[in-house]
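Visitor: The structure under discussion is supplied below as structure tokens; questions concerning it will follow.
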Number of protein chains: 2
Amino acid sequence: MAKRVTIQHLADELNTTPSTVSRALRDHPSISVGMKKRVRDLAILRNYQVNSIAANLRSGQSKTIGVIVPRINRDFFSNVIAGIEEVANKQGYGVVICQTHDELQQEANCIEALLRTRVDCILISISLETKGFEHFKKVIDMNVPLVFFDRVQESSKTIRIVNNDEKGAFVAVNHLIEQGYKRIAHFTGPGYINIYRNRKEGYLKALKENDIPIDKNLIIENKLDYQAGYDGMRQVMKLSNPPDALFSSSDYAALGAINWLKDNNYKIPNDFGLVGYSNEKFTSHISPSLTTLDQHSLEMGKYAANVFFDRFKSEDRDFILNSLSINPKLIIRESSKRKRKV
Amino acid sequence: MAKRVTIQHLADELNTTPSTVSRALRDHPSISVGMKKRVRDLAILRNYQVNSIAANLRSGQSKTIGVIVPRINRDFFSNVIAGIEEVANKQGYGVVICQTHDELQQEANCIEALLRTRVDCILISISLETKGFEHFKKVIDMNVPLVFFDRVQESSKTIRIVNNDEKGAFVAVNHLIEQGYKRIAHFTGPGYINIYRNRKEGYLKALKENDIPIDKNLIIENKLDYQAGYDGMRQVMKLSNPPDALFSSSDYAALGAINWLKDNNYKIPNDFGLVGYSNEKFTSHISPSLTTLDQHSLEMGKYAANVFFDRFKSEDRDFILNSLSINPKLIIRESSKRKRKV
DNA sequence: CTGAAAGCGCTAACAT
DNA sequence: ATGTTAGCGCTTTCAG
């Protein structure tokens, strides 16, 4: 086991001190170019690697950002993460990712783990099970900046980056109405989660503005995964007065719905129109391709990370807003395009 | 900024010393139950959190495993990661994840970053661009255990966890032949990557054993993403003697192929049969659903992590194998089921 | 059963 | 421009 080479070794070999080596390595202005070169050459030669652990302990910061998401294999989240990484890396920060699998207990575990590793900041999109704020208390107590994105905790004063879900839903449902659909169903998630509640609001608002009566039987709250979508579709289509369109708060549930419709010989978009949410990659590859809302996930990640770097790092900016809202963009595809336009 | 509570604070308040507090917290046998209780109660009361950075510096290990994958938003990789996390967390280890986006430069960056943070082990599936071993040298030099999985570096003596890709491919192609397909095309990736080379071997072997002539025009090497699949399909179908089936080394490329076929009015599986690779979740949701090979991704992750814990941690096991091979499982779905059986 | 003391590798005031 | 010194928070001999 070759012991790892430290700053001390380099100093000894160059007949100088650790401080000089440290400074040389980090391009400190008051070190002569000659010394810098000698130090660096030797560092490379000896295959020296900074020990960030030691550096972090000393400097009191870990130079890493902790990110907590429900699951990493969603395009939405993996793009957000990519955005965070882009900004963080540019600032010399690392990113560590945890997934909660949409479980509250796992979320608490993730927080504990990140706190122990002394991340400088936590960016989080909460799990489906998260209602309370207790497990975030510790983060606040330890003075670790906390930024919520997408699925946020609203009972707190902490910063939030969200989509304008209500507006997105409103635009989506209006689009369906324009295409001539009359009875529009809606798949939604738990009402205590901002995004689902807001999307439902947008849905209701669009119906009202178009004088379409609201039918509670057409609003289904479920897990929003593939199977829930499949089952939900069957459920609403068995009504005496079934819908002719669906606005789903999730692309996965919309996919389930599409497959139920296909299995039962409905023609999309003629018999039935659909709009999903999130612009997951598969939505453009399936047939019919799925109309959906793009949430600018990459940008959302960048914003979230920048909140930390701007708000908590530099005092020179007067960053007073607590909540940043990004407008989603409707991507119209085959599943809802009943009328052809020029 | 409330300064964070340390072991020293607790010691002061209890009129004891840091060593005692440290031991009490870690359930050291030679601390009285009374003391343990007092320490722990106070720790909770004061909201004490170990500073892993300090602990790691002292103990010389970070208790974290570094994982490097091409991209996290593939079901295959995210499942492998889940497997790794499961094993690691059980051992009190954390996991940090890096993605290379299939770029060599990013891969090198990830390695550097993980080395700096002094991860205790690196588990990696290499990028599409990775041919050499140079950037792994440093890992070996620093005595950090290195485990390859799935896409592995074969020119080294390091441990590898792989699928039996050749066998998987062999089984897949045999299945197509059994279903009556006569001319089977193949989409593959760079030949210097084990998985693609081995799958191609399996494909060739199956053809040979069934006395089917090999036609090089039917073997396409591309990026294996959706677009490459779409374009590749067009390319082979324009041949004077086009294929009637495809074995694709990637589910995404197979999806592209399916869509080209649909766009051109081919009927699947009657006119054309397809088999993909990896059992990505979407393969069961599209129509026709895609026959593919499941790689036991979760298990692969567990194996990879356990290699570290068994081989590098405990000396009591004689773990001599350098390469562990897992048999993939053919999942037969609509895209290749031409003959109906009982 | 508990305390004293040293040190992990690095950084940064404070010298010189 | 470089050296001296102290210490980040924890663990771990070694002594009682």
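Residue numbering restarts at 1 for every chain of the structure tokens, chains are lettered A, B, ... in their displayed order, and ligands are numbered from 1 as they appear.
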Within 8 Å of chain A, which residues of chain B are there when counting only C-alpha atoms? Please give them as an MDAnalysis selection string.
Guide: chainID B and resid 1:4 47 49:54 56:57 72:75 78 94 96:97 113 115:118 138 141:143 255:256 259 282 285:286
Visitor: Given the selection you just returned, output its residues as a file containing C-alpha atoms, formatted as a PDB file, in the first residue's frame.
Guide:
ATOM      1  CA  MET B   1     -24.837  31.915  12.026  1.00  0.00           C
ATOM      2  CA  ALA B   2     -25.171  29.466  14.887  1.00  0.00           C
ATOM      3  CA  LYS B   3     -21.854  27.668  15.017  1.00  0.00           C
ATOM      4  CA  ARG B   4     -22.279  23.964  14.692  1.00  0.00           C
ATOM      5  CA  ASN B  47     -28.936  18.491  17.640  1.00  0.00           C
ATOM      6  CA  GLN B  49     -24.358  15.807  13.892  1.00  0.00           C
ATOM      7  CA  VAL B  50     -21.067  14.014  13.394  1.00  0.00           C
ATOM      8  CA  ASN B  51     -18.791  15.875  11.095  1.00  0.00           C
ATOM      9  CA  SER B  52     -17.897  13.105   8.682  1.00  0.00           C
ATOM     10  CA  ILE B  53     -15.262  15.254   7.108  1.00  0.00           C
ATOM     11  CA  ALA B  54     -13.284  15.354  10.319  1.00  0.00           C
ATOM     12  CA  ASN B  56     -12.875  10.746   7.576  1.00  0.00           C
ATOM     13  CA  LEU B  57      -9.718  12.753   7.724  1.00  0.00           C
ATOM     14  CA  ILE B  72     -28.112   8.172 -15.029  1.00  0.00           C
ATOM     15  CA  ASN B  73     -31.392   8.406 -16.891  1.00  0.00           C
ATOM     16  CA  ARG B  74     -31.208   4.941 -18.359  1.00  0.00           C
ATOM     17  CA  ASP B  75     -33.214   2.372 -16.484  1.00  0.00           C
ATOM     18  CA  SER B  78     -30.313   3.703 -12.486  1.00  0.00           C
ATOM     19  CA  GLY B  94     -22.555   6.532   1.043  1.00  0.00           C
ATOM     20  CA  VAL B  96     -21.648   9.436  -4.978  1.00  0.00           C
ATOM     21  CA  ILE B  97     -22.654   9.291  -8.597  1.00  0.00           C
ATOM     22  CA  ALA B 113     -13.059  14.455  -8.631  1.00  0.00           C
ATOM     23  CA  LEU B 115      -9.984  10.731  -6.166  1.00  0.00           C
ATOM     24  CA  ARG B 116      -9.844  14.158  -4.595  1.00  0.00           C
ATOM     25  CA  THR B 117     -12.779  13.365  -2.378  1.00  0.00           C
ATOM     26  CA  ARG B 118     -10.972  10.197  -1.398  1.00  0.00           C
ATOM     27  CA  LYS B 138      -3.945   7.202 -11.174  1.00  0.00           C
ATOM     28  CA  ASP B 141      -1.435   4.297  -8.206  1.00  0.00           C
ATOM     29  CA  MET B 142      -3.466   5.661  -5.352  1.00  0.00           C
ATOM     30  CA  ASN B 143      -4.442   2.179  -4.380  1.00  0.00           C
ATOM     31  CA  LEU B 255     -37.351   1.884 -30.866  1.00  0.00           C
ATOM     32  CA  GLY B 256     -36.069   4.095 -33.651  1.00  0.00           C
ATOM     33  CA  ASN B 259     -40.843   3.817 -35.723  1.00  0.00           C
ATOM     34  CA  PHE B 282     -40.490   1.706 -22.037  1.00  0.00           C
ATOM     35  CA  HIS B 285     -45.201   0.035 -22.760  1.00  0.00           C
ATOM     36  CA  ILE B 286     -44.797   0.703 -26.457  1.00  0.00           C
TER      37      ILE B 286
END
Visitor: Using 10 Å as the limit and counting only C-alpha atoms (C1' of nucleotides), can you tabulate each residue of chain D that touches chain B, with its shortest atom-to-atom distance in Å and the two atoms involved, as CSV?
Guide:
residue,atom,partner,partner_atom,distance
D:DC8,C1',B:Ala54,CA,7.9
D:DG9,C1',B:Ala54,CA,5.0
D:DC10,C1',B:Ala55,CA,4.9
D:DT11,C1',B:Arg58,CA,6.1
D:DT12,C1',B:Ser19,CA,8.7
Visitor: Export C-alpha atoms (C1' of nucleotides) of the chosen residues as a PDB file, in the first residue's frame?
Guide:
ATOM      1  C1'  DC D   8     -10.393  22.591  11.659  1.00  0.00           C
ATOM      2  C1'  DG D   9     -13.233  18.063  14.565  1.00  0.00           C
ATOM      3  C1'  DC D  10     -12.504  13.852  15.161  1.00  0.00           C
ATOM      4  C1'  DT D  11     -10.269   9.144  16.582  1.00  0.00           C
ATOM      5  C1'  DT D  12      -7.022   6.515  18.909  1.00  0.00           C
TER       6       DT D  12
END
Visitor: Fewer than 5 positions away in the same chain doesn't count, so skip those; otherwise give me all residues within 7 Å of range 196-205 of chain A, counting only C-alpha atoms (C1' of nucleotides), as a list in words.
Guide: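 Answer for this query is Asp165, Glu166, Lys167, Ala169, Phe170, Val173, Thr188, Gly189, Pro190, Gly191 and Ser249 of chain A.
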Visitor: Could you give me, as JSON, numbers by chain, each residue of range 115-330 of chain B that DSSP assigns to strand (DSSP E) when run on this structure's backbone?
Guide: {"B": [121, 122, 123, 124, 146, 147, 148, 149, 159, 160, 161, 162, 163, 184, 185, 186, 187, 188, 219, 220, 221, 245, 246, 247, 248, 273, 274, 275, 292, 293, 294, 323, 324, 325, 326, 329, 330]}
Visitor: Once chain B is fitted onto chain A by least squares over all its in-order Cα atoms, send the moved chain as a short mmCIF file (atom, residue, chain, number, x, y, z; two decimals) with C-alpha atoms, in the first residue's frame.
Guide:
data_model
loop_
_atom_site.label_atom_id
_atom_site.label_comp_id
_atom_site.auth_asym_id
_atom_site.auth_seq_id
_atom_site.Cartn_x
_atom_site.Cartn_y
_atom_site.Cartn_z
CA MET B 1 0.07 -0.04 -0.33
CA ALA B 2 1.94 3.00 -1.56
CA LYS B 3 1.10 5.73 0.91
CA ARG B 4 -0.42 8.70 -0.79
CA VAL B 5 1.73 11.69 -1.42
CA THR B 6 0.96 14.74 0.66
CA ILE B 7 1.89 18.35 0.58
CA GLN B 8 4.46 17.56 3.23
CA HIS B 9 6.28 15.12 0.98
CA LEU B 10 6.55 17.70 -1.73
CA ALA B 11 7.78 20.27 0.76
CA ASP B 12 10.47 17.94 2.06
CA GLU B 13 11.69 17.09 -1.36
CA LEU B 14 11.91 20.74 -2.33
CA ASN B 15 13.41 21.84 0.96
CA THR B 16 10.56 24.15 1.67
CA THR B 17 7.45 24.09 3.85
CA PRO B 18 3.91 22.85 3.50
CA SER B 19 2.58 26.38 3.55
CA THR B 20 4.63 27.36 0.55
CA VAL B 21 3.62 24.27 -1.35
CA SER B 22 -0.01 24.87 -0.52
CA ARG B 23 0.18 28.43 -1.71
CA ALA B 24 2.09 27.57 -4.84
CA LEU B 25 -0.45 24.96 -5.77
CA ARG B 26 -3.27 27.40 -5.33
CA ASP B 27 -1.58 30.16 -7.26
CA HIS B 28 -1.20 32.50 -4.35
CA PRO B 29 0.10 35.92 -5.55
CA SER B 30 2.97 36.14 -3.13
CA ILE B 31 4.85 33.09 -4.35
CA SER B 32 7.63 33.51 -6.89
CA VAL B 33 7.05 32.13 -10.33
CA GLY B 34 10.14 30.01 -9.97
CA MET B 35 8.85 28.33 -6.85
CA LYS B 36 5.43 27.85 -8.33
CA LYS B 37 6.89 26.06 -11.27
CA ARG B 38 9.09 23.81 -9.21
CA VAL B 39 6.23 22.86 -6.94
CA ARG B 40 3.85 22.17 -9.75
CA ASP B 41 6.27 20.13 -11.75
CA LEU B 42 7.03 17.96 -8.78
CA ALA B 43 3.36 17.63 -7.96
CA ILE B 44 2.69 16.24 -11.38
CA LEU B 45 5.76 14.06 -11.29
CA ARG B 46 4.78 12.55 -7.96
CA ASN B 47 1.17 12.29 -9.00
CA TYR B 48 0.01 14.46 -6.17
CA GLN B 49 -3.73 14.83 -5.58
CA VAL B 50 -5.16 17.32 -3.12
CA ASN B 51 -6.91 15.64 -0.28
CA SER B 52 -10.20 17.50 -0.37
CA ILE B 53 -11.22 15.95 2.89
CA ALA B 54 -8.40 17.67 4.70
CA ALA B 55 -8.89 20.86 2.77
CA ASN B 56 -12.57 20.85 3.53
CA LEU B 57 -12.09 20.21 7.19
CA ARG B 58 -9.74 23.10 7.38
CA SER B 59 -11.73 25.51 5.33
CA GLY B 60 -15.03 24.54 6.83
CA GLN B 61 -16.77 23.99 3.54
CA SER B 62 -17.07 20.92 1.43
CA LYS B 63 -17.42 22.58 -1.94
CA THR B 64 -20.20 20.21 -2.78
CA ILE B 65 -23.89 20.66 -3.33
CA GLY B 66 -26.32 17.99 -2.29
CA VAL B 67 -29.27 17.25 -4.55
CA ILE B 68 -32.27 15.20 -3.50
CA VAL B 69 -34.79 14.00 -6.06
CA PRO B 70 -37.54 11.38 -6.09
CA ARG B 71 -35.83 9.36 -8.82
CA ILE B 72 -32.95 9.93 -11.15
CA ASN B 73 -34.26 7.96 -14.10
CA ARG B 74 -36.83 10.52 -15.11
CA ASP B 75 -35.74 12.76 -17.93
CA PHE B 76 -37.06 15.73 -16.06
CA PHE B 77 -34.92 15.14 -13.00
CA SER B 78 -31.86 13.99 -14.84
CA ASN B 79 -31.97 17.17 -16.88
CA VAL B 80 -32.38 19.31 -13.80
CA ILE B 81 -29.39 17.54 -12.34
CA ALA B 82 -27.41 18.16 -15.50
CA GLY B 83 -28.21 21.87 -15.16
CA ILE B 84 -27.13 21.90 -11.55
CA GLU B 85 -23.90 20.09 -12.39
CA GLU B 86 -23.11 22.52 -15.15
CA VAL B 87 -23.33 25.55 -12.88
CA ALA B 88 -21.72 23.85 -9.90
CA ASN B 89 -18.74 22.49 -11.78
CA LYS B 90 -18.11 25.87 -13.29
CA GLN B 91 -17.77 27.19 -9.76
CA GLY B 92 -15.48 24.39 -8.73
CA TYR B 93 -18.19 22.60 -6.81
CA GLY B 94 -19.08 18.95 -6.87
CA VAL B 95 -22.60 17.57 -6.79
CA VAL B 96 -23.82 14.57 -4.87
CA ILE B 97 -27.14 13.07 -5.79
CA CYS B 98 -29.58 11.15 -3.61
CA GLN B 99 -32.85 9.58 -4.53
CA THR B 100 -35.82 9.14 -2.25
CA HIS B 101 -37.84 6.78 -4.44
CA ASP B 102 -40.72 9.00 -3.40
CA GLU B 103 -40.52 7.80 0.17
CA LEU B 104 -40.52 10.13 3.14
CA GLN B 105 -38.24 7.92 5.21
CA GLN B 106 -35.66 7.81 2.44
CA GLU B 107 -35.90 11.56 2.15
CA ALA B 108 -35.06 11.94 5.81
CA ASN B 109 -32.15 9.54 5.38
CA CYS B 110 -30.82 11.52 2.45
CA ILE B 111 -30.94 14.72 4.43
CA GLU B 112 -29.07 13.17 7.32
CA ALA B 113 -26.43 11.78 5.01
CA LEU B 114 -25.90 15.08 3.25
CA LEU B 115 -25.72 16.93 6.52
CA ARG B 116 -23.10 14.55 7.83
CA THR B 117 -20.99 15.05 4.75
CA ARG B 118 -21.35 18.77 5.31
CA VAL B 119 -22.61 19.74 1.91
CA ASP B 120 -22.65 23.49 1.50
CA CYS B 121 -26.21 23.57 0.23
CA ILE B 122 -29.15 21.27 -0.37
CA LEU B 123 -31.37 21.43 -3.45
CA ILE B 124 -34.45 19.28 -3.19
CA SER B 125 -37.59 18.21 -4.97
CA ILE B 126 -39.74 16.54 -2.35
CA SER B 127 -41.19 13.05 -2.38
CA LEU B 128 -44.82 12.21 -2.98
CA GLU B 129 -45.16 11.34 0.69
CA THR B 130 -43.78 14.58 2.05
CA LYS B 131 -46.24 16.78 3.86
CA GLY B 132 -44.47 18.09 6.93
CA PHE B 133 -41.40 20.18 7.50
CA GLU B 134 -39.88 18.41 10.53
CA HIS B 135 -37.05 16.70 8.72
CA PHE B 136 -36.01 20.00 7.17
CA LYS B 137 -35.68 21.68 10.55
CA LYS B 138 -32.25 20.25 11.05
CA VAL B 139 -31.09 21.73 7.78
CA ILE B 140 -32.21 25.16 8.85
CA ASP B 141 -30.73 24.69 12.31
CA MET B 142 -27.38 23.83 10.83
CA ASN B 143 -27.56 26.89 8.67
CA VAL B 144 -27.34 24.94 5.46
CA PRO B 145 -28.95 26.83 2.60
CA LEU B 146 -31.99 24.97 1.33
CA VAL B 147 -33.55 25.44 -2.09
CA PHE B 148 -36.70 23.69 -3.20
CA PHE B 149 -37.43 23.08 -6.85
CA ASP B 150 -40.43 21.74 -8.74
CA ARG B 151 -42.09 19.82 -5.92
CA VAL B 152 -41.68 22.28 -3.09
CA GLN B 153 -42.49 22.73 0.55
CA GLU B 154 -44.69 25.77 0.70
CA SER B 155 -45.20 26.18 4.41
CA SER B 156 -41.72 27.58 4.78
CA LYS B 157 -39.93 30.75 3.90
CA THR B 158 -37.20 28.98 2.00
CA ILE B 159 -36.48 29.69 -1.62
CA ARG B 160 -38.41 27.88 -4.30
CA ILE B 161 -37.90 27.42 -8.01
CA VAL B 162 -41.05 26.21 -9.68
CA ASN B 163 -42.82 26.03 -12.95
CA ASN B 164 -45.92 28.04 -13.49
CA ASP B 165 -47.92 24.87 -13.35
CA GLU B 166 -51.27 26.57 -13.25
CA LYS B 167 -50.56 28.47 -16.40
CA GLY B 168 -49.16 25.40 -18.11
CA ALA B 169 -52.27 23.43 -17.29
CA PHE B 170 -54.46 26.29 -18.37
CA VAL B 171 -52.77 26.49 -21.74
CA ALA B 172 -52.93 22.74 -22.20
CA VAL B 173 -56.62 22.48 -21.46
CA ASN B 174 -57.42 25.47 -23.62
CA HIS B 175 -55.60 23.77 -26.42
CA LEU B 176 -57.77 20.68 -26.03
CA ILE B 177 -60.88 22.84 -26.05
CA GLU B 178 -59.73 24.61 -29.19
CA GLN B 179 -59.30 21.26 -30.83
CA GLY B 180 -62.95 20.61 -30.22
CA TYR B 181 -62.86 18.27 -27.25
CA LYS B 182 -65.84 18.73 -24.98
CA ARG B 183 -65.42 16.57 -21.90
CA ILE B 184 -61.93 16.67 -20.53
CA ALA B 185 -60.78 14.34 -17.78
CA HIS B 186 -57.85 15.06 -15.49
CA PHE B 187 -55.34 12.80 -13.73
CA THR B 188 -53.77 14.42 -10.73
CA GLY B 189 -51.54 13.58 -7.74
CA PRO B 190 -51.81 14.34 -4.03
CA GLY B 191 -53.36 17.73 -3.40
CA TYR B 192 -50.76 18.63 -0.80
CA ILE B 193 -48.08 18.71 -3.50
CA ASN B 194 -47.92 22.11 -5.15
CA ILE B 195 -47.49 20.98 -8.71
CA TYR B 196 -50.56 18.76 -8.75
CA ARG B 197 -52.73 21.25 -6.93
CA ASN B 198 -51.69 24.06 -9.25
CA ARG B 199 -52.14 22.05 -12.40
CA LYS B 200 -55.59 21.11 -11.24
CA GLU B 201 -56.34 24.79 -10.62
CA GLY B 202 -55.28 25.60 -14.15
CA TYR B 203 -57.46 22.82 -15.47
CA LEU B 204 -60.48 24.06 -13.53
CA LYS B 205 -59.87 27.63 -14.56
CA ALA B 206 -59.73 26.75 -18.23
CA LEU B 207 -62.99 24.84 -17.98
CA LYS B 208 -64.68 27.72 -16.22
CA GLU B 209 -63.50 30.32 -18.68
CA ASN B 210 -64.93 28.22 -21.47
CA ASP B 211 -68.19 27.59 -19.66
CA ILE B 212 -67.62 23.89 -19.52
CA PRO B 213 -69.25 22.30 -16.48
CA ILE B 214 -66.94 20.60 -14.02
CA ASP B 215 -67.57 16.94 -13.42
CA LYS B 216 -65.83 15.52 -10.38
CA ASN B 217 -66.04 12.04 -11.78
CA LEU B 218 -63.61 13.07 -14.46
CA ILE B 219 -60.95 14.07 -11.96
CA ILE B 220 -58.92 11.10 -10.80
CA GLU B 221 -56.23 11.27 -8.15
CA ASN B 222 -53.73 8.43 -8.38
CA LYS B 223 -50.03 7.54 -8.33
CA LEU B 224 -49.58 8.90 -11.82
CA ASP B 225 -47.46 6.03 -13.04
CA TYR B 226 -48.07 3.88 -16.08
CA GLN B 227 -50.37 1.41 -14.37
CA ALA B 228 -52.36 4.10 -12.61
CA GLY B 229 -52.88 5.76 -15.97
CA TYR B 230 -54.05 2.56 -17.57
CA ASP B 231 -56.47 1.80 -14.76
CA GLY B 232 -57.62 5.38 -14.48
CA MET B 233 -58.51 5.49 -18.13
CA ARG B 234 -60.63 2.38 -17.82
CA GLN B 235 -62.36 3.90 -14.84
CA VAL B 236 -63.41 7.13 -16.54
CA MET B 237 -64.37 5.45 -19.79
CA LYS B 238 -66.82 3.26 -17.94
CA LEU B 239 -68.82 6.28 -16.86
CA SER B 240 -72.24 6.67 -18.41
CA ASN B 241 -70.98 9.93 -19.83
CA PRO B 242 -67.30 9.30 -20.62
CA PRO B 243 -64.77 11.98 -21.53
CA ASP B 244 -63.32 12.59 -24.98
CA ALA B 245 -60.01 13.98 -23.79
CA LEU B 246 -57.52 13.78 -20.95
CA PHE B 247 -55.13 16.22 -19.38
CA SER B 248 -52.73 14.15 -17.28
CA SER B 249 -50.32 15.63 -14.75
CA SER B 250 -47.81 12.99 -15.80
CA ASP B 251 -46.50 11.67 -19.09
CA TYR B 252 -46.26 8.19 -17.65
CA ALA B 253 -49.91 8.13 -16.65
CA ALA B 254 -50.81 9.53 -20.06
CA LEU B 255 -48.90 6.67 -21.67
CA GLY B 256 -50.89 4.18 -19.63
CA ALA B 257 -54.06 5.93 -20.76
CA ILE B 258 -53.01 5.79 -24.41
CA ASN B 259 -52.41 2.09 -24.15
CA TRP B 260 -55.79 1.44 -22.59
CA LEU B 261 -57.40 3.41 -25.39
CA LYS B 262 -55.50 1.50 -28.04
CA ASP B 263 -56.34 -1.81 -26.43
CA ASN B 264 -59.97 -0.81 -26.64
CA ASN B 265 -59.86 0.40 -30.20
CA TYR B 266 -60.23 4.10 -29.66
CA LYS B 267 -58.65 6.26 -32.32
CA ILE B 268 -56.32 9.01 -31.13
CA PRO B 269 -56.71 11.92 -31.66
CA ASN B 270 -60.03 11.56 -33.45
CA ASP B 271 -61.99 9.76 -30.78
CA PHE B 272 -59.91 10.96 -27.92
CA GLY B 273 -57.29 13.65 -27.26
CA LEU B 274 -54.49 13.63 -24.70
CA VAL B 275 -52.00 15.99 -23.15
CA GLY B 276 -49.33 14.91 -20.67
CA TYR B 277 -46.88 16.82 -18.53
CA SER B 278 -43.06 17.02 -18.40
CA ASN B 279 -41.96 16.31 -21.96
CA GLU B 280 -40.25 13.05 -21.12
CA LYS B 281 -38.20 11.89 -24.04
CA PHE B 282 -40.38 8.92 -24.86
CA THR B 283 -43.35 11.21 -25.52
CA SER B 284 -41.92 12.13 -28.90
CA HIS B 285 -41.12 8.54 -29.84
CA ILE B 286 -44.39 6.78 -29.15
CA SER B 287 -47.22 6.69 -31.58
CA PRO B 288 -49.26 8.69 -31.49
CA SER B 289 -46.67 11.09 -30.17
CA LEU B 290 -47.87 12.80 -27.01
CA THR B 291 -48.67 16.46 -26.62
CA THR B 292 -47.09 17.62 -23.39
CA LEU B 293 -45.61 20.52 -21.46
CA ASP B 294 -41.91 21.14 -21.45
CA GLN B 295 -40.67 22.46 -18.14
CA HIS B 296 -37.28 23.77 -19.19
CA SER B 297 -35.69 21.28 -16.87
CA LEU B 298 -32.10 22.16 -17.66
CA GLU B 299 -32.75 25.82 -16.94
CA MET B 300 -34.54 24.96 -13.76
CA GLY B 301 -31.43 23.16 -12.57
CA LYS B 302 -29.27 26.12 -13.46
CA TYR B 303 -31.57 28.50 -11.63
CA ALA B 304 -31.65 26.34 -8.54
CA ALA B 305 -27.87 26.15 -8.40
CA ASN B 306 -27.48 29.82 -9.14
CA VAL B 307 -29.77 30.72 -6.30
CA PHE B 308 -27.17 29.24 -4.03
CA PHE B 309 -24.24 30.91 -5.67
CA ASP B 310 -25.90 34.28 -5.94
CA ARG B 311 -28.02 34.53 -2.91
CA PHE B 312 -25.88 32.79 -0.37
CA LYS B 313 -22.47 33.51 -1.70
CA SER B 314 -22.18 37.06 -2.80
CA GLU B 315 -23.68 39.92 -0.91
CA ASP B 316 -23.41 42.32 -3.78
CA ARG B 317 -26.73 41.41 -5.25
CA ASP B 318 -30.04 42.26 -3.81
CA PHE B 319 -31.79 39.01 -4.35
CA ILE B 320 -35.02 39.29 -2.51
CA LEU B 321 -37.44 37.06 -4.27
CA ASN B 322 -38.34 33.85 -2.56
CA SER B 323 -39.93 32.10 -5.44
CA LEU B 324 -38.95 31.97 -9.06
CA SER B 325 -41.50 30.74 -11.54
CA ILE B 326 -40.68 29.43 -15.01
CA ASN B 327 -43.27 29.28 -17.74
CA PRO B 328 -43.68 25.83 -19.23
CA LYS B 329 -44.10 25.43 -22.96
CA LEU B 330 -46.82 23.47 -24.69
CA ILE B 331 -45.42 20.99 -27.20
CA ILE B 332 -48.21 20.06 -29.56
CA ARG B 333 -47.98 16.59 -31.06
CA GLU B 334 -50.25 14.01 -32.63
CA SER B 335 -52.20 12.96 -29.56
CA SER B 336 -54.20 16.17 -29.46
CA LYS B 337 -54.10 17.54 -32.99
CA ARG B 338 -57.58 16.86 -34.23
CA LYS B 339 -57.98 19.94 -36.36
CA ARG B 340 -55.40 20.50 -38.97
CA LYS B 341 -54.24 24.01 -39.45
CA VAL B 342 -52.10 25.70 -42.07
#
Visitor: Calculate how many Å separate C1' of DT4 in chain D from C1' of DC10 in chain C, rounding to one decimal.
Guide: 15.1 Å
Visitor: Show me which bits of chain C are within 8 Å of chain A, counting only C-alpha atoms (C1' of nucleotides), as a PDB file with C-alpha atoms (C1' of nucleotides), in the first residue's frame.
Guide:
ATOM      1  C1'  DC C   8      -4.952  12.990   9.938  1.00  0.00           C
ATOM      2  C1'  DG C   9      -3.517  16.947   5.586  1.00  0.00           C
ATOM      3  C1'  DC C  10      -4.406  21.154   4.728  1.00  0.00           C
ATOM      4  C1'  DT C  11      -4.911  26.509   5.092  1.00  0.00           C
TER       5       DT C  11
END
Visitor: Could you tell me how far C1' of DA15 in chain C sits from C1' of DA1 in chain D, in Å to one decimal place?
Guide: 12.9 Å
Visitor: Could you pull out the helix (DSSP H, G or I) residues of range 74-322 of chain B from DSSP and send them as a count of residues only?
Guide: 116
